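Student: Pasting in a structure now, in structure tokens, and then I'll have a few things to ask.
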Amino acid sequence: MSRAASIIAVLRAAWHWLRAPAWLALGFGLGFGLPYGLYLDGLVRARFAEYAFDQPSRVFARPLPLAAGAPLGAEALLLELSAARYRAVDSPPMAPGTYRRQGARFEIATRAFRGAQGPVPARRLVVQLAGGRIRGVTDADTGKPAVGAFLDPARIATLYGPRQVERRFLPASEVNPLLVAALQAVEDRDFKDHIGIDFSAILRAAWANLVAGEVVQGGSTLTQQLVRNIFLDRSQTLARKANEAALAILIEARYSKARILEAYLNEVYLGQQGGQAVHGVAAASEFWFGRELDDLAVHEVALLVGLIQGPSLHDPRRFPERAKARRDVALRAMRDTGLISDTDRAVASRAPLGVTAAGALPRNRYPAFLELVRAQLARDFPDSVLAVRGLSVLTTLAPASQQLAEAAVAERLKALGKRGEGLQAAVVVTDSRSGAVQAVVGGRDPAQPGFNRALAAARPIGSLVKPFVYLVALAQPERWSLMSPLEDRAVALRQPNGKVWTPVNNDGLEHGSVALVDALARSYNLATVNLGLALDVGKVARVLQALIPGLEAKALPSLLLGAVDLSPFQVAQAYQYLAADGHPTPLYALEAVLDADGKPLSRYVQKPAAGDLVEAARLVTFALQEAARRGTASALVGLGLGELDAAGKTGTSNDQRDSWFAGYTGSHLAVVWLGRDDNRETGLYGATGAMRVWAALMAKLPTEPLRPDFRADPVLAWVDPQTQVATDPDCTGARQLPFIRGYEPLDYSGCGLGDWFDRDREVRDDEEPRRRRSLLDWFGGR
């Protein structure tokens with residue numbers, strides 16, 4: 001028998017025994033394998049083709065302008081740098097996100113960012129401080145003055161959906177090429193050639209692991225790893241392995257290598273912070289290094305790629321030695337594939353890990369402020385959109401203002417000792433010119449979310465209402481001026497319930513006839529009530545309602561002494577009118593919202609409206625400055641804040657249940673409240689409680705002195721308080737006060753000369769009608 005015939009005979013014999021299993025296998029393949037393959041193919045088409053990377057929206061503080069002459073001290077600048085996760089270095093800073101301090105000289109390598117007005121490039125700056133101000137800002141590379149320089153904004157919160165996945169999508173074409181090449185060198189060298197599974201890689205990994213005595217290399221392709229992340233669980237069963245291989249082959253058959261690589265780069269798991277999982281290389285670069293991918297050095301790229309094998313096992317913050325060893329494995333792979341030289345590998349191997357001290361994934365660093373942001377965002381963006389579209393929410397928060405406000409609350413409550421136990425606090429800080437909200441403190445523990453007293457605690461405001469009573473009067477210059485005499489005498493009024501209301505002064509005394517400016521500066525209750533009754537309480541109520549949207553103020557005489565419940569935020573909105581020089585200025589916490597590509601979707605900055613009562617508001621401001629110089633807030637001078645020449649008003653509710661202070665400088669308004677949630681007595685007046693918190697804040701906050709403009713209107717004039725007529729500066733008792741132009745005293749009396757005469761007065765044709773326009777015409781009718 002020939003050899004061929006023998007083989008045929010053997011095959012026939014084998015077929016006799018194998019034909020049944022063969023037919024069964026074919027039947028199984030056609031009956032199960034083919035349908036299951038079609039099912040997997042449908043799964044790939046349904047899930048991978050339309051696979052969308054949910055990206056949480058990120059909330060940012062405002063960028064810090066760096067301009068010569070601006071108020072800024074070293075402490076505040078360090079707070080801003082820390083909030084933005086800048087890393088101090090000993091040598092000149094080159095990598096974005098680093099800085100070096102040499103006394104009052106700061107060298108800063110800023111990061112690029114997208115602001116409301118467009119992209120801002122990274123720069124290397126030298127900032128010189130002196131006397132609480134920026135003396136100069138120069139470009140570190142050219143030595144020339146730097147114009148339009150900013151410190152990039154701190155990320156203050158992340159708006160997640162049900163799954164707290166941190167991701168920032170990047171097209172593969174925008175990913176650092178070195179990182180892409182290193183990824184393939186370490187994880188999948190034959191990525192460009194295999195069909196989804198790579199048998200040679202499996203054998204190579206097995207040999208490498210055997211030689212090393214530990215797992216140093218994996219056999220799974222990038223496609224298989226992607227399948228595990230998207231489709232499968234982490235179980236180690238044969239069925240899962242078979243599914244993984246089948247799905248990898250199907251994905252490779254249907255999609256390009258570029259599409260697969262892009263999906264991998266944005267899906268790979270690279271870290272964890274609490275309940276927040278970090279996916280994708282862009283988010284991981286920010287999480288571990290606080291910088292963009294393009295800014296990473298060779299040793300940092302190697303560490304990031306090395307972490308793919310096990311971010312928790314090789315966590316560089318918890319296990320630096322493990323992380324360094326894993327980085328060295330990646331560096332060797334990069335050298336072996338020609339990505340770097342042996343010299344480069346040696347230098348990178350000696351470099352520090354370079355990770356930031358803490359993960360840069362703030363979920364909610366400032367909960368009270370974020371509540372305000374969410375409330376304003378909700379008008380345009382539902383939570384379902386914020387959770388997945390990767391928006392950039394640009395806010396007005398100033399990290400230094402926020403942290404200094406929190407520190408002031410903690411410091412003063414601690415200083416109160418036992419009186420401070422159980423005491424709560426709230427603070428609102430704004431830009432006095434624009435109305436941008438810079439800080440919100442909602443309680444004594446500002447890091448804890450919960451009841452936000454700054455927004456939701458409506459409490460009696462006491463004497464904080466008085467400036468608006470005087471505003472109504474001073475807006476009628478034909479009747480009232482700062483020198484107008486007021487009667488600080490007892491009054492008894494019968495209430496609708498039959499009871500008689502008899503207000504008293506805080507000192508229990510009557511002060512007779514007092515100048516209007518002094519009545520406000522010293523917060524005399526009786527003078528204020530008598531003035532308010534002469535004006536009409538209804539006018540005061542309408543003014544408050546015009547300034548505070550949604551307020552319903554009852555026009556009762558008790559309103560004149562603060563019988564109205566307001567939150568600190570509402571008080572800030574009212575005082576913003578005075579701080580903004582008599583311009584209606586809505587408070588806002590949002591500047592803009594950008595889409596994932598950095599294009600503006602919404603802008604929120606509002607310009608202050610034209611002010612018709614600028615002059616009257618300036619007179620009120622002057623009276624509140626007098627309160628800080630020699631009135632109820634005069635302790636500010638003793639606390640070292642006299643140079644600010646701030647305007648401020650204390651407030652205390654009945655039985656000292658609430659301690660208030662509202663004050664503003666040339667650049668900041670801050671409202672402070674202290675009280676108890678159970679409404680028990682605090683034992684504090686406005687001047688002994690809330691004002692001390694305000695002072696502690698302003699002592700460290702870089703801010704401008706308050707300098708009202710009295711050059712044109714109002715105008716300053718020297719007057720004799722006794723006779724209410726103009727006089728000379730060197731006359732005994734003479735006071736210099738501002739008057740609305742055209743209503744300054746006309747009569748004149750020199751020092752003891754007895755010569756009275758009437759000055760000529762020039763009045764513009766349009767002056768009198770303008771002056772006689774009443775406050776209620778401006779604030780919504782009579």
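Chain identifiers are assigned as A, B, and so on, following the order in which chains appear in the structure tokens; residues are numbered from 1 within each chain, and ligands are numbered from 1 in order of appearance.
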Fewer than 6 positions away in the same chain doesn't count, so skip those; otherwise give me all residues within 12 Å of A:Val441, counting only C-alpha atoms, as a ChimeraX atom specification.
Tutor: /A:365-372,397,401-410,424-429,447-456,568-569,670-674,693
Student: From stretch 483-702 of chain A, collect each residue whose DSSP state is helix (DSSP H, G or I) and return the set as JSON, numbers by chain.
Tutor: {"A": [516, 517, 518, 519, 520, 521, 525, 526, 527, 528, 529, 530, 531, 532, 533, 534, 535, 537, 538, 539, 540, 541, 542, 543, 544, 545, 546, 547, 557, 558, 559, 560, 561, 568, 569, 570, 571, 572, 573, 574, 575, 576, 577, 578, 579, 614, 615, 616, 617, 618, 619, 620, 621, 622, 623, 624, 625, 626, 627, 628, 629, 630, 635, 636, 637, 638, 639, 640, 641, 642, 643, 644, 654, 655, 656, 690, 691, 692, 693, 694, 695, 696, 697, 698]}
Student: Give me, as a PDB file with C-alpha atoms, in the first residue's frame, all polymer residues having an atom no more than 7 Å from stretch 82-93 of chain A, counting only C-alpha atoms and skipping those fewer than 4 positions away in the same chain.
Tutor:
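Output contents, as saved in result12.pdb:
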```pdb
ATOM      1  CA  LEU A  78       0.486  82.991  47.924  1.00  0.00           C
ATOM      2  CA  GLY A  97       2.248  75.946  37.128  1.00  0.00           C
ATOM      3  CA  THR A  98       5.467  76.641  39.050  1.00  0.00           C
ATOM      4  CA  TYR A  99       6.868  79.677  40.836  1.00  0.00           C
ATOM      5  CA  ARG A 100       9.838  80.865  42.858  1.00  0.00           C
ATOM      6  CA  GLU A 107       8.877  84.523  39.366  1.00  0.00           C
ATOM      7  CA  ILE A 108       5.803  82.746  38.000  1.00  0.00           C
ATOM      8  CA  ALA A 109       5.356  80.424  35.023  1.00  0.00           C
ATOM      9  CA  PRO A 153      -7.978  80.685  37.509  1.00  0.00           C
ATOM     10  CA  ALA A 154      -8.193  78.075  40.231  1.00  0.00           C
ATOM     11  CA  ARG A 155     -10.568  75.188  39.672  1.00  0.00           C
ATOM     12  CA  GLY A 290      -1.561  69.991  37.797  1.00  0.00           C
ATOM     13  CA  PRO A 399      -9.645  82.691  46.205  1.00  0.00           C
TER      14      PRO A 399
END
```
Student: Please, what distance in Å, to one decimal, runs between atom CA of A:Ala687 and atom CA of A:Ser659?
Tutor: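 The value is 7.9 Å.
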Student: Neighbours of stretch 570-573 of chain A within 10 Å (only C-alpha atoms; same-chain residues fewer than 4 positions away dropped), as a ChimeraX atom specification?
Tutor: /A:427-430,432,435,437,454-456,458,461,464-465,544,547-551,565-566,577-579,584-588,660-663,669-672
Student: Nearest to A:Leu561 among A:Val175, A:Phe169, A:Gly532, A:Val719, with distances taken over only C-alpha atoms: which residue is it?
Tutor: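 Of A:Val175, A:Phe169, A:Gly532, A:Val719, the one nearest A:Leu561 is A:Gly532, counting only C-alpha atoms.
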Student: Have a look at A:Gly354, A:Gly582, A:Gly666, A:Pro119 and name the one nearest to A:Glu704; count only C-alpha atoms.
Tutor: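 The shortest atom-to-atom distance to A:Glu704 comes from A:Gly666.
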Student: Between atom CA of A:Thr723 and atom CA of A:Thr621, what is the distance, to one decimal in Å?
Tutor: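 Going from atom CA of A:Thr723 over to atom CA of A:Thr621, I get 24.3 Å.
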Student: Please measure the separation of atom CA of A:Pro65 and atom CA of A:Leu151, giving the value in Å to one decimal.
Tutor: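 Result for atom CA of A:Pro65 versus atom CA of A:Leu151: 6.6 Å, one decimal.
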Student: What's the 12 Å shell around A:Tyr160, counting only C-alpha atoms, without same-chain residues fewer than 5 positions away, as a PyMOL selection string?
Tutor: chain A and resi 54-59+165-167+275-277+361-364+383-391
Student: Quick one: everything within 12 Å of A:Gly689, counting only C-alpha atoms, minus sequence neighbours fewer than 5 positions away in the same chain. Send it as a short mmCIF file (atom, residue, chain, number, x, y, z; two decimals) with N, CA and C atoms, in the first residue's frame.
Tutor:
```cif
data_model
loop_
_atom_site.label_atom_id
_atom_site.label_comp_id
_atom_site.auth_asym_id
_atom_site.auth_seq_id
_atom_site.Cartn_x
_atom_site.Cartn_y
_atom_site.Cartn_z
N ALA A 408 -11.00 84.99 58.80
CA ALA A 408 -11.47 86.04 59.70
C ALA A 408 -12.58 85.53 60.59
N VAL A 409 -13.50 84.75 60.04
CA VAL A 409 -14.58 84.16 60.84
C VAL A 409 -14.00 83.24 61.91
N GLU A 411 -10.98 83.14 63.16
CA GLU A 411 -10.16 83.88 64.13
C GLU A 411 -11.01 84.60 65.16
N ARG A 412 -12.05 85.31 64.72
CA ARG A 412 -12.85 86.10 65.65
C ARG A 412 -13.76 85.24 66.52
N LEU A 413 -14.29 84.16 65.97
CA LEU A 413 -15.11 83.28 66.81
C LEU A 413 -14.25 82.63 67.89
N LYS A 414 -13.04 82.29 67.55
CA LYS A 414 -12.13 81.73 68.55
C LYS A 414 -11.79 82.77 69.61
N ALA A 415 -11.60 84.02 69.20
CA ALA A 415 -11.25 85.09 70.13
C ALA A 415 -12.38 85.38 71.12
N LEU A 416 -13.61 85.05 70.74
CA LEU A 416 -14.74 85.31 71.64
C LEU A 416 -14.81 84.31 72.78
N ARG A 419 -18.21 82.88 74.60
CA ARG A 419 -19.30 83.60 73.92
C ARG A 419 -19.42 83.16 72.46
N GLY A 420 -18.34 82.63 71.93
CA GLY A 420 -18.37 82.21 70.54
C GLY A 420 -18.89 80.81 70.33
N LEU A 423 -22.03 80.01 68.15
CA LEU A 423 -22.30 81.19 67.34
C LEU A 423 -22.07 80.85 65.86
N GLN A 424 -22.96 81.32 65.02
CA GLN A 424 -22.81 81.11 63.59
C GLN A 424 -22.43 82.41 62.90
N ALA A 425 -22.00 82.29 61.67
CA ALA A 425 -21.53 83.47 60.94
C ALA A 425 -21.87 83.34 59.47
N ALA A 633 -18.72 103.11 64.32
CA ALA A 633 -17.69 102.20 63.80
C ALA A 633 -16.30 102.77 63.98
N ALA A 635 -14.11 102.33 66.09
CA ALA A 635 -13.08 101.38 66.54
C ALA A 635 -12.22 100.90 65.38
N THR A 650 -22.92 99.74 61.53
CA THR A 650 -23.19 98.64 62.45
C THR A 650 -24.69 98.40 62.52
N GLY A 651 -25.04 97.21 62.96
CA GLY A 651 -26.46 96.88 63.15
C GLY A 651 -26.61 95.84 64.25
N THR A 652 -27.60 96.04 65.10
CA THR A 652 -27.88 95.10 66.19
C THR A 652 -29.40 94.96 66.29
N GLN A 656 -29.95 91.89 71.20
CA GLN A 656 -28.63 91.46 70.71
C GLN A 656 -28.67 90.04 70.14
N ARG A 657 -29.73 89.74 69.42
CA ARG A 657 -29.80 88.41 68.78
C ARG A 657 -29.00 88.36 67.48
N ASP A 658 -28.80 89.51 66.87
CA ASP A 658 -28.07 89.56 65.60
C ASP A 658 -27.06 90.69 65.64
N SER A 659 -25.84 90.36 65.23
CA SER A 659 -24.77 91.36 65.14
C SER A 659 -24.41 91.51 63.66
N TRP A 660 -24.52 92.75 63.16
CA TRP A 660 -24.31 93.01 61.73
C TRP A 660 -23.23 94.07 61.52
N PHE A 661 -22.58 93.98 60.37
CA PHE A 661 -21.76 95.10 59.91
C PHE A 661 -21.70 95.05 58.39
N VAL A 672 -21.20 91.28 57.04
CA VAL A 672 -20.95 90.22 58.02
C VAL A 672 -22.13 90.12 58.97
N TRP A 673 -22.54 88.89 59.26
CA TRP A 673 -23.58 88.63 60.25
C TRP A 673 -23.08 87.59 61.25
N LEU A 674 -23.37 87.83 62.53
CA LEU A 674 -23.13 86.84 63.58
C LEU A 674 -24.43 86.64 64.34
N GLY A 675 -24.72 85.41 64.68
CA GLY A 675 -25.95 85.11 65.43
C GLY A 675 -26.02 83.63 65.74
N THR A 682 -26.81 86.91 71.60
CA THR A 682 -25.38 86.70 71.36
C THR A 682 -24.52 87.44 72.37
N GLY A 683 -25.08 88.48 73.00
CA GLY A 683 -24.27 89.32 73.88
C GLY A 683 -23.36 90.24 73.11
N LEU A 684 -23.62 90.41 71.80
CA LEU A 684 -22.75 91.21 70.95
C LEU A 684 -23.54 92.31 70.27
N TRP A 694 -15.23 91.83 60.10
CA TRP A 694 -14.98 92.68 58.94
C TRP A 694 -13.58 93.28 59.02
N ALA A 695 -13.20 93.74 60.18
CA ALA A 695 -11.87 94.35 60.35
C ALA A 695 -10.76 93.33 60.14
N ALA A 696 -10.96 92.11 60.67
CA ALA A 696 -9.94 91.07 60.48
C ALA A 696 -9.78 90.73 59.01
#
```
Student: Excluding A:Ala112 and its own-chain neighbours fewer than 4 positions away, which residues fall within 8 Å of it when counting only C-alpha atoms? Please give them as a list in words.
Tutor: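 Result of the neighbour search: Pro119, Val120, Pro121, Ala122, Arg123 and Asp152 of chain A.
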Student: Looking only at strand (DSSP E) from DSSP on the backbone, list the matching residues of stretch 43-160 of chain A as a ChimeraX atom specification.
Tutor: /A:57-60,64-66,87-88,98-102,105-109,113-115,118-120,124-130,133-139,149-151,155-159
Student: Mind dumping the selected residues with N, CA and C atoms as a short mmCIF file (atom, residue, chain, number, x, y, z; two decimals), in the first residue's frame?
Tutor:
```cif
data_model
loop_
_atom_site.label_atom_id
_atom_site.label_comp_id
_atom_site.auth_asym_id
_atom_site.auth_seq_id
_atom_site.Cartn_x
_atom_site.Cartn_y
_atom_site.Cartn_z
N SER A 57 -18.76 69.13 34.10
CA SER A 57 -18.45 70.55 33.93
C SER A 57 -17.56 71.01 35.08
N ARG A 58 -16.65 71.90 34.77
CA ARG A 58 -15.69 72.38 35.75
C ARG A 58 -15.97 73.85 36.08
N VAL A 59 -15.84 74.16 37.35
CA VAL A 59 -16.14 75.51 37.82
C VAL A 59 -14.82 76.17 38.22
N PHE A 60 -14.59 77.37 37.71
CA PHE A 60 -13.33 78.06 37.94
C PHE A 60 -13.55 79.39 38.65
N LEU A 64 -6.59 86.05 38.16
CA LEU A 64 -6.07 87.20 38.91
C LEU A 64 -5.32 88.13 37.98
N PRO A 65 -5.81 89.35 37.78
CA PRO A 65 -5.06 90.31 36.95
C PRO A 65 -3.77 90.72 37.67
N LEU A 66 -2.72 90.81 36.93
CA LEU A 66 -1.42 91.23 37.47
C LEU A 66 -1.01 92.50 36.75
N ARG A 87 3.20 75.07 42.12
CA ARG A 87 4.22 74.36 42.88
C ARG A 87 5.47 75.23 43.01
N ALA A 88 5.94 75.41 44.24
CA ALA A 88 7.14 76.20 44.47
C ALA A 88 8.38 75.42 44.05
N THR A 98 4.41 76.59 38.02
CA THR A 98 5.47 76.64 39.05
C THR A 98 5.83 78.10 39.32
N TYR A 99 6.45 78.32 40.49
CA TYR A 99 6.87 79.68 40.84
C TYR A 99 8.04 79.61 41.80
N ARG A 100 8.76 80.72 41.88
CA ARG A 100 9.84 80.86 42.86
C ARG A 100 9.68 82.22 43.54
N ARG A 101 9.79 82.20 44.86
CA ARG A 101 9.70 83.44 45.62
C ARG A 101 11.05 83.81 46.19
N GLN A 102 11.40 85.08 46.03
CA GLN A 102 12.60 85.64 46.64
C GLN A 102 12.21 86.94 47.32
N ARG A 105 9.78 89.38 45.60
CA ARG A 105 9.89 89.13 44.16
C ARG A 105 9.40 87.72 43.85
N PHE A 106 8.45 87.62 42.94
CA PHE A 106 7.90 86.32 42.55
C PHE A 106 8.15 86.09 41.06
N GLU A 107 8.77 84.96 40.76
CA GLU A 107 8.88 84.52 39.37
C GLU A 107 7.81 83.44 39.17
N ILE A 108 6.95 83.63 38.17
CA ILE A 108 5.80 82.75 38.00
C ILE A 108 5.72 82.30 36.55
N ALA A 109 5.62 80.98 36.35
CA ALA A 109 5.36 80.42 35.02
C ALA A 109 3.87 80.08 34.97
N PHE A 113 -4.89 79.41 29.50
CA PHE A 113 -6.27 79.11 29.85
C PHE A 113 -7.20 79.85 28.90
N ARG A 114 -8.45 79.43 28.91
CA ARG A 114 -9.46 80.11 28.12
C ARG A 114 -10.35 80.92 29.04
N GLY A 115 -10.38 82.22 28.83
CA GLY A 115 -11.22 83.08 29.63
C GLY A 115 -12.45 83.51 28.86
N GLY A 118 -11.54 85.01 25.58
CA GLY A 118 -10.74 84.23 24.64
C GLY A 118 -9.54 83.59 25.31
N PRO A 119 -8.68 82.94 24.51
CA PRO A 119 -7.52 82.25 25.07
C PRO A 119 -6.47 83.22 25.60
N VAL A 120 -5.84 82.81 26.70
CA VAL A 120 -4.76 83.58 27.30
C VAL A 120 -3.53 82.67 27.33
N ARG A 124 5.95 83.56 31.30
CA ARG A 124 6.87 83.57 32.43
C ARG A 124 6.99 85.02 32.88
N LEU A 125 6.55 85.27 34.13
CA LEU A 125 6.45 86.63 34.63
C LEU A 125 7.31 86.84 35.87
N VAL A 126 7.71 88.08 36.07
CA VAL A 126 8.34 88.50 37.32
C VAL A 126 7.44 89.55 37.94
N VAL A 127 6.95 89.27 39.13
CA VAL A 127 6.05 90.18 39.83
C VAL A 127 6.77 90.71 41.06
N GLN A 128 6.91 92.01 41.12
CA GLN A 128 7.59 92.67 42.25
C GLN A 128 6.55 93.38 43.10
N LEU A 129 6.52 93.07 44.40
CA LEU A 129 5.58 93.68 45.32
C LEU A 129 6.28 94.71 46.19
N ALA A 130 5.53 95.71 46.62
CA ALA A 130 6.08 96.71 47.54
C ALA A 130 4.93 97.49 48.16
N ARG A 133 1.27 96.63 47.28
CA ARG A 133 0.85 96.79 45.89
C ARG A 133 1.84 96.10 44.96
N ILE A 134 1.39 95.92 43.72
CA ILE A 134 2.29 95.41 42.69
C ILE A 134 3.12 96.58 42.17
N ARG A 135 4.42 96.51 42.39
CA ARG A 135 5.28 97.59 41.92
C ARG A 135 5.54 97.48 40.43
N GLY A 136 5.62 96.24 39.95
CA GLY A 136 5.87 96.06 38.52
C GLY A 136 5.67 94.61 38.10
N VAL A 137 5.33 94.40 36.84
CA VAL A 137 5.19 93.06 36.25
C VAL A 137 5.97 93.07 34.94
N THR A 138 6.96 92.20 34.82
CA THR A 138 7.77 92.14 33.62
C THR A 138 7.75 90.74 33.03
N ASP A 139 8.01 90.66 31.76
CA ASP A 139 8.14 89.37 31.08
C ASP A 139 9.52 88.81 31.38
N ALA A 149 -1.38 90.74 31.84
CA ALA A 149 -0.94 89.49 32.46
C ALA A 149 -1.97 88.99 33.48
N PHE A 150 -2.12 87.67 33.54
CA PHE A 150 -3.06 87.06 34.47
C PHE A 150 -2.44 85.82 35.09
N LEU A 151 -2.86 85.53 36.31
CA LEU A 151 -2.63 84.22 36.91
C LEU A 151 -3.86 83.39 36.58
N ARG A 155 -9.37 76.02 39.84
CA ARG A 155 -10.57 75.19 39.67
C ARG A 155 -11.15 74.96 41.06
N ILE A 156 -12.42 75.32 41.24
CA ILE A 156 -13.00 75.30 42.58
C ILE A 156 -14.09 74.25 42.78
N ALA A 157 -14.58 73.66 41.69
CA ALA A 157 -15.63 72.66 41.85
C ALA A 157 -15.78 71.89 40.55
N THR A 158 -16.43 70.72 40.66
CA THR A 158 -16.74 69.89 39.51
C THR A 158 -18.19 69.47 39.63
N LEU A 159 -18.93 69.60 38.53
CA LEU A 159 -20.36 69.28 38.52
C LEU A 159 -20.54 67.92 37.85
#
```
Student: Between A:Phe739, A:Leu72, A:Arg494, A:Tyr748, which is the closest to A:Thr727 once you count only C-alpha atoms?
Tutor: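 With only C-alpha atoms as the atom set, the closest residue is A:Tyr748.
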Student: Of the candidates A:Asp141, A:Glu244, A:Glu267, A:Asp193, which one gets nearest to A:Phe53 if we count only C-alpha atoms?
Tutor: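 Nearest candidate to A:Phe53 out of A:Asp141, A:Glu244, A:Glu267, A:Asp193: A:Glu267.
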